[in-house]
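*Asks:* Got a structure here, written out as structure tokens. Questions coming.
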Amino acid sequence: MEKNNIKKTVLTGDRPTGKLHLGHFVGSIQNRLKLQNEAEKSFYMVADMQALTDNAENPEKIRINTLEVAIDNLACGLDPQKTTMFIQSQIPEIAELALLFMNLVTLARLKRNPTVKSEMKQKGFGEDVPAGFLIYPVSQAADILFAKANLIPVGEDQKPMIEQTNEIVDSFNRIYGETFGHVSHLVGETPRLVGTDGNSKMSKSLNNGIYLSDSDEVIEKKVMEMYTDPNHIHVEDSGKVEGNVVFMYLDIFDSNKEEIIELKKQYQKGGLGDVVLKKRLAKVLSELITPIRERREKIAENPKAVMDILQEGTKKAREEAIKTLNEVRQAMKIDFF
Ligand code: ATP
Ligand code: MG
């Protein structure tokens with residue numbers, strides 16, 4: 001973790017590939033909200049360029065969701081007065097920085113990145129992976145370093161990206177002179193929220209999420225379809241708590257820990273039905289999501305105001321990017337004119 005005497009510059013973001021879900025909330029957003037009050041500078045990026053790396057044929061989807069993810073963050077409490085909110089594609093210096101970093105990274109290293117590896121598998125890319133997708137960890141290093149950010153609130157899946165960013169920092173500083181500092185990640189209390197289907201990660205692309213925009217009815221429906229213990233058929237049967245998605249969620253979202261301990265005991269013994277547990281979970285999740293959804297609906301009434309926030313933030317972030325790029329060009333001896 002970063003030393004206390006180092007000023008915190010926080011940067012984080014979302015891919016605009018869909019609306020945001022509970023995984024984002026517990027993995028990153030909660031920390032974003034906390035850190036915007038503590039950091040010297042705080043940035044939030046809509047990573048539309050990164051989203052296009054595996055959605056080249058869906059530009060409309062990325063455009064629509066650029067607004068949606070910004071609305072999600074505002075509804076959760078991200079404050080544009082404290083956090084500079086910007087759109088990645090509107091800062092060309094980030095792309096330039098990524099291109100310069102590309103020389104410092106080998107193809108073998110990119111292919112070894114465990115998150116890239118598992119996402120490539122999940123998307124069935126094989127050797128036909130878009131080059132832009134394969135190099136997204138490099139572009140992510142540029143997203144972070146243009147702002148000289150040093151603290152990145154992310155879910156656990158992003159840890160390998162931060163490691164790769166630090167390798168780029170080391171190579172750059174060694175070859176061109178001390179320019180960038182090391183970056184730390186900060187994972188949330190729940191580093192990786194499982195999907196409603198029991199898949200190891202709730203993800204926009206896997207269609208296994210409960211969204212911050214879901215209605216009470218939708219929440220209830222998704223909870224009712226959740227994976228529990230396939231051998232727990234009759235109420236009186238004893239049930240398994242480990243690997244039971246409903247209990248995993250109750251552990252995270254239900255604040256009454258003592259009652260959950262009791263419920264687990266009862267479930268293991270037999271005599272507690274899945275429906276009772278699921279109804280409880282649906283209620284807990286509705287209580288968390290309803291105020292966010294209602295704020296979301298209000299904010300969504302005025303999309304122009306949201307775009308204004310993003311435009312203003314982009315202007316401010318770009319000033320930082322221009323400053324950093326001047327420094328980088330100088331260090332790399334390509335500052336001709
Ligand atoms: P995609 O499938 O398009 O990659 P995603 O659901 O993984 O979408 P991202 O925009 O890639 O969402 O992630 C934004 C942030 O939220 C990252 O910091 C990521 O680590 C975090 N995050 C996403 N899903 C989860 C999850 N299930 N648990 C914890 N953190 C998560
Ligand atoms: Mg992702």
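In the structure tokens, the first chain shown is A, the next is B, and so on; residue numbers restart at 1 for each chain, and ligands run from 1 in the order shown.
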Dump the neighbourhood of ligand 1 as JSON, numbers by chain: all residues within 8 Å, distances computed on only C-alpha atoms and all ligand atoms.

*Replies:* {"A": [12, 13, 14, 15, 16, 17, 18, 20, 21, 22, 23, 24, 25, 26, 27, 28, 29, 47, 51, 153, 154, 155, 156, 157, 158, 187, 188, 190, 191, 192, 193, 194, 195, 200, 201, 202, 203, 204, 205, 206]}

*Asks:* For Leu272 of chain A, work out the shell of residues within 12 Å, counting only C-alpha atoms and skipping chain neighbours fewer than 2 positions away, then give it as a PyMOL selection string.

*Replies:* chain A and resi 232-241+262-270+274-278

*Asks:* Those residues you just picked out, can you put them in a file as a compact mmCIF listing (two decimals), in the first residue's frame with C-alpha atoms?

*Replies:*
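Once written, out-v2.txt looks like this:
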# COMPACT_ATOMS: atom_id res chain seq x y z
CA HIS A 232 -31.75 -29.63 -1.12
CA ILE A 233 -35.03 -30.79 -2.59
CA HIS A 234 -37.44 -30.99 0.36
CA VAL A 235 -37.68 -28.40 3.11
CA GLU A 236 -36.79 -31.00 5.72
CA ASP A 237 -33.59 -32.07 3.85
CA SER A 238 -30.30 -30.79 5.21
CA GLY A 239 -28.73 -28.23 2.87
CA LYS A 240 -25.22 -27.10 1.99
CA VAL A 241 -24.11 -23.58 2.84
CA GLU A 262 -28.69 -19.00 12.87
CA LEU A 263 -30.23 -19.45 9.41
CA LYS A 264 -27.15 -21.33 8.23
CA LYS A 265 -27.38 -23.71 11.17
CA GLN A 266 -31.06 -24.30 10.50
CA TYR A 267 -30.43 -24.85 6.78
CA GLN A 268 -27.70 -27.39 7.47
CA LYS A 269 -29.89 -29.23 9.93
CA GLY A 270 -32.91 -29.27 7.65
CA ASP A 274 -34.90 -21.99 -0.16
CA VAL A 275 -37.89 -19.73 -0.77
CA VAL A 276 -37.76 -18.25 2.74
CA LEU A 277 -34.07 -17.43 2.28
CA LYS A 278 -34.60 -16.05 -1.19

*Asks:* Which residues are near Ile64 of chain A? Cut-off 10 Å, only C-alpha atoms, ignore same chain within fewer than 3 positions. Put them as a PyMOL selection string.

*Replies:* chain A and resi 16-19+59-61+67-69

*Asks:* For the residues in the current selection, export all heavy atoms as a PDB file, in the first residue's frame.

*Replies:*
ATOM      1  N   PRO A  16     -18.051   0.914 -20.794  1.00  0.00           N
ATOM      2  CA  PRO A  16     -19.482   1.135 -21.066  1.00  0.00           C
ATOM      3  C   PRO A  16     -20.068   0.030 -21.942  1.00  0.00           C
ATOM      4  O   PRO A  16     -20.527   0.278 -23.064  1.00  0.00           O
ATOM      5  CB  PRO A  16     -19.504   2.506 -21.754  1.00  0.00           C
ATOM      6  CG  PRO A  16     -18.163   2.631 -22.392  1.00  0.00           C
ATOM      7  CD  PRO A  16     -17.197   1.854 -21.545  1.00  0.00           C
ATOM      8  N   THR A  17     -20.052  -1.196 -21.416  1.00  0.00           N
ATOM      9  CA  THR A  17     -20.591  -2.341 -22.151  1.00  0.00           C
ATOM     10  C   THR A  17     -21.976  -2.722 -21.640  1.00  0.00           C
ATOM     11  O   THR A  17     -22.581  -3.675 -22.130  1.00  0.00           O
ATOM     12  CB  THR A  17     -19.648  -3.562 -22.013  1.00  0.00           C
ATOM     13  OG1 THR A  17     -19.305  -3.717 -20.624  1.00  0.00           O
ATOM     14  CG2 THR A  17     -18.382  -3.370 -22.810  1.00  0.00           C
ATOM     15  N   GLY A  18     -22.458  -2.005 -20.641  1.00  0.00           N
ATOM     16  CA  GLY A  18     -23.784  -2.278 -20.094  1.00  0.00           C
ATOM     17  C   GLY A  18     -23.937  -1.468 -18.823  1.00  0.00           C
ATOM     18  O   GLY A  18     -22.984  -0.833 -18.368  1.00  0.00           O
ATOM     19  N   LYS A  19     -25.156  -1.512 -18.271  1.00  0.00           N
ATOM     20  CA  LYS A  19     -25.359  -0.802 -17.003  1.00  0.00           C
ATOM     21  C   LYS A  19     -24.595  -1.511 -15.893  1.00  0.00           C
ATOM     22  O   LYS A  19     -24.198  -2.665 -16.046  1.00  0.00           O
ATOM     23  CB  LYS A  19     -26.852  -0.770 -16.690  1.00  0.00           C
ATOM     24  CG  LYS A  19     -27.630   0.108 -17.661  1.00  0.00           C
ATOM     25  CD  LYS A  19     -29.112   0.045 -17.333  1.00  0.00           C
ATOM     26  CE  LYS A  19     -29.911   0.815 -18.375  1.00  0.00           C
ATOM     27  NZ  LYS A  19     -31.312   0.441 -18.352  1.00  0.00           N
ATOM     28  N   PRO A  59     -20.711  -0.108 -32.082  1.00  0.00           N
ATOM     29  CA  PRO A  59     -20.428   1.233 -31.558  1.00  0.00           C
ATOM     30  C   PRO A  59     -21.621   1.872 -30.849  1.00  0.00           C
ATOM     31  O   PRO A  59     -21.452   2.610 -29.886  1.00  0.00           O
ATOM     32  CB  PRO A  59     -20.028   2.040 -32.809  1.00  0.00           C
ATOM     33  CG  PRO A  59     -20.575   1.269 -33.959  1.00  0.00           C
ATOM     34  CD  PRO A  59     -20.557  -0.171 -33.548  1.00  0.00           C
ATOM     35  N   GLU A  60     -22.835   1.535 -31.309  1.00  0.00           N
ATOM     36  CA  GLU A  60     -24.034   2.144 -30.718  1.00  0.00           C
ATOM     37  C   GLU A  60     -24.179   1.707 -29.257  1.00  0.00           C
ATOM     38  O   GLU A  60     -24.521   2.518 -28.384  1.00  0.00           O
ATOM     39  CB  GLU A  60     -25.260   1.725 -31.551  1.00  0.00           C
ATOM     40  CG  GLU A  60     -26.510   2.543 -31.307  1.00  0.00           C
ATOM     41  CD  GLU A  60     -26.323   4.054 -31.445  1.00  0.00           C
ATOM     42  OE1 GLU A  60     -25.487   4.491 -32.272  1.00  0.00           O
ATOM     43  OE2 GLU A  60     -27.008   4.790 -30.700  1.00  0.00           O
ATOM     44  N   LYS A  61     -23.891   0.425 -29.007  1.00  0.00           N
ATOM     45  CA  LYS A  61     -23.983  -0.103 -27.638  1.00  0.00           C
ATOM     46  C   LYS A  61     -23.033   0.661 -26.713  1.00  0.00           C
ATOM     47  O   LYS A  61     -23.401   1.049 -25.594  1.00  0.00           O
ATOM     48  CB  LYS A  61     -23.614  -1.597 -27.667  1.00  0.00           C
ATOM     49  CG  LYS A  61     -23.426  -2.237 -26.315  1.00  0.00           C
ATOM     50  CD  LYS A  61     -23.190  -3.738 -26.457  1.00  0.00           C
ATOM     51  CE  LYS A  61     -22.177  -4.255 -25.471  1.00  0.00           C
ATOM     52  NZ  LYS A  61     -21.779  -5.639 -25.699  1.00  0.00           N
ATOM     53  N   LEU A  67     -23.251   6.947 -21.398  1.00  0.00           N
ATOM     54  CA  LEU A  67     -24.125   7.759 -20.557  1.00  0.00           C
ATOM     55  C   LEU A  67     -24.630   6.943 -19.357  1.00  0.00           C
ATOM     56  O   LEU A  67     -24.648   7.428 -18.227  1.00  0.00           O
ATOM     57  CB  LEU A  67     -25.301   8.261 -21.410  1.00  0.00           C
ATOM     58  CG  LEU A  67     -26.252   9.236 -20.747  1.00  0.00           C
ATOM     59  CD1 LEU A  67     -25.542  10.557 -20.443  1.00  0.00           C
ATOM     60  CD2 LEU A  67     -27.465   9.498 -21.634  1.00  0.00           C
ATOM     61  N   GLU A  68     -24.986   5.688 -19.618  1.00  0.00           N
ATOM     62  CA  GLU A  68     -25.569   4.861 -18.552  1.00  0.00           C
ATOM     63  C   GLU A  68     -24.602   4.645 -17.384  1.00  0.00           C
ATOM     64  O   GLU A  68     -24.991   4.735 -16.220  1.00  0.00           O
ATOM     65  CB  GLU A  68     -26.017   3.495 -19.099  1.00  0.00           C
ATOM     66  CG  GLU A  68     -27.126   3.546 -20.136  1.00  0.00           C
ATOM     67  CD  GLU A  68     -28.463   4.003 -19.573  1.00  0.00           C
ATOM     68  OE1 GLU A  68     -28.633   4.072 -18.347  1.00  0.00           O
ATOM     69  OE2 GLU A  68     -29.356   4.304 -20.392  1.00  0.00           O
ATOM     70  N   VAL A  69     -23.326   4.339 -17.690  1.00  0.00           N
ATOM     71  CA  VAL A  69     -22.405   4.073 -16.570  1.00  0.00           C
ATOM     72  C   VAL A  69     -22.113   5.355 -15.796  1.00  0.00           C
ATOM     73  O   VAL A  69     -21.920   5.315 -14.573  1.00  0.00           O
ATOM     74  CB  VAL A  69     -21.085   3.359 -16.996  1.00  0.00           C
ATOM     75  CG1 VAL A  69     -21.369   1.967 -17.533  1.00  0.00           C
ATOM     76  CG2 VAL A  69     -20.268   4.171 -17.969  1.00  0.00           C
TER      77      VAL A  69
END

*Asks:* Report, in Å with one decimal, the straight-line distance from atom CA of Lys222 of chain A to atom CA of Ile261 of chain A.

*Replies:* 23.6 Å

*Asks:* Counting only C-alpha atoms, what is within 8 Å of segment 121-138 of chain A, bar same-chain residues fewer than 5 positions away, as a list in words?

*Replies:*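 Everything that qualifies: Gln50, Thr53, Asp54, Ala98, Phe101, Met102, Val105, Leu110, Lys111, Val116, Met161, Gln164 and Thr165 of chain A.
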
*Asks:* What lies within 8 Å of segment 308-323 of chain A using only C-alpha atoms, ignoring chain neighbours under 6 positions off, as a list in words?

*Replies:*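 Skipping anything fewer than 6 positions along the chain leaves Phe43, Pro80, Thr84, Met85, Phe86, Ile87, Gln90, Ile91, Glu93, Ile94, Phe146 and Ala147 of chain A.
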
*Asks:* Include N, CA and C atoms and write out the residues we just selected as a PDB file, in the first residue's frame.

*Replies:*
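Saved as out_18.pdb:
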ATOM      1  N   PHE A  43     -10.166  10.779 -10.171  1.00  0.00           N
ATOM      2  CA  PHE A  43     -10.629  10.711 -11.562  1.00  0.00           C
ATOM      3  C   PHE A  43     -11.516   9.494 -11.762  1.00  0.00           C
ATOM      4  N   PRO A  80     -19.248  15.069  -8.983  1.00  0.00           N
ATOM      5  CA  PRO A  80     -18.383  15.692  -9.998  1.00  0.00           C
ATOM      6  C   PRO A  80     -17.556  16.873  -9.458  1.00  0.00           C
ATOM      7  N   THR A  84     -13.208  14.086 -11.030  1.00  0.00           N
ATOM      8  CA  THR A  84     -13.208  14.521 -12.430  1.00  0.00           C
ATOM      9  C   THR A  84     -13.666  13.349 -13.290  1.00  0.00           C
ATOM     10  N   MET A  85     -14.845  13.490 -13.880  1.00  0.00           N
ATOM     11  CA  MET A  85     -15.412  12.395 -14.677  1.00  0.00           C
ATOM     12  C   MET A  85     -15.165  12.676 -16.154  1.00  0.00           C
ATOM     13  N   PHE A  86     -14.554  11.727 -16.859  1.00  0.00           N
ATOM     14  CA  PHE A  86     -14.214  12.002 -18.266  1.00  0.00           C
ATOM     15  C   PHE A  86     -14.398  10.782 -19.162  1.00  0.00           C
ATOM     16  N   ILE A  87     -14.364  11.048 -20.476  1.00  0.00           N
ATOM     17  CA  ILE A  87     -14.513   9.974 -21.472  1.00  0.00           C
ATOM     18  C   ILE A  87     -13.152   9.713 -22.128  1.00  0.00           C
ATOM     19  N   GLN A  90     -11.995  10.829 -25.718  1.00  0.00           N
ATOM     20  CA  GLN A  90     -11.902  12.263 -26.016  1.00  0.00           C
ATOM     21  C   GLN A  90     -10.563  12.866 -25.583  1.00  0.00           C
ATOM     22  N   ILE A  91      -9.659  11.995 -25.120  1.00  0.00           N
ATOM     23  CA  ILE A  91      -8.324  12.461 -24.728  1.00  0.00           C
ATOM     24  C   ILE A  91      -7.294  11.706 -25.577  1.00  0.00           C
ATOM     25  N   GLU A  93      -4.286  12.070 -26.129  1.00  0.00           N
ATOM     26  CA  GLU A  93      -2.965  11.866 -25.513  1.00  0.00           C
ATOM     27  C   GLU A  93      -2.865  10.499 -24.830  1.00  0.00           C
ATOM     28  N   ILE A  94      -3.997   9.977 -24.359  1.00  0.00           N
ATOM     29  CA  ILE A  94      -3.963   8.653 -23.717  1.00  0.00           C
ATOM     30  C   ILE A  94      -3.584   7.593 -24.754  1.00  0.00           C
ATOM     31  N   PHE A 146      -1.328   8.694 -17.331  1.00  0.00           N
ATOM     32  CA  PHE A 146      -1.437  10.062 -17.858  1.00  0.00           C
ATOM     33  C   PHE A 146      -1.759  11.028 -16.730  1.00  0.00           C
ATOM     34  N   ALA A 147      -2.506  10.497 -15.735  1.00  0.00           N
ATOM     35  CA  ALA A 147      -2.924  11.347 -14.611  1.00  0.00           C
ATOM     36  C   ALA A 147      -1.969  11.206 -13.430  1.00  0.00           C
TER      37      ALA A 147
END

*Asks:* Which is closest to Lys304 of chain A among A:Ile210, A:Ile175, A:Leu107, A:Ala70, if we use only C-alpha atoms?

*Replies:*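 Nearest to Lys304 of chain A: A:Ala70.
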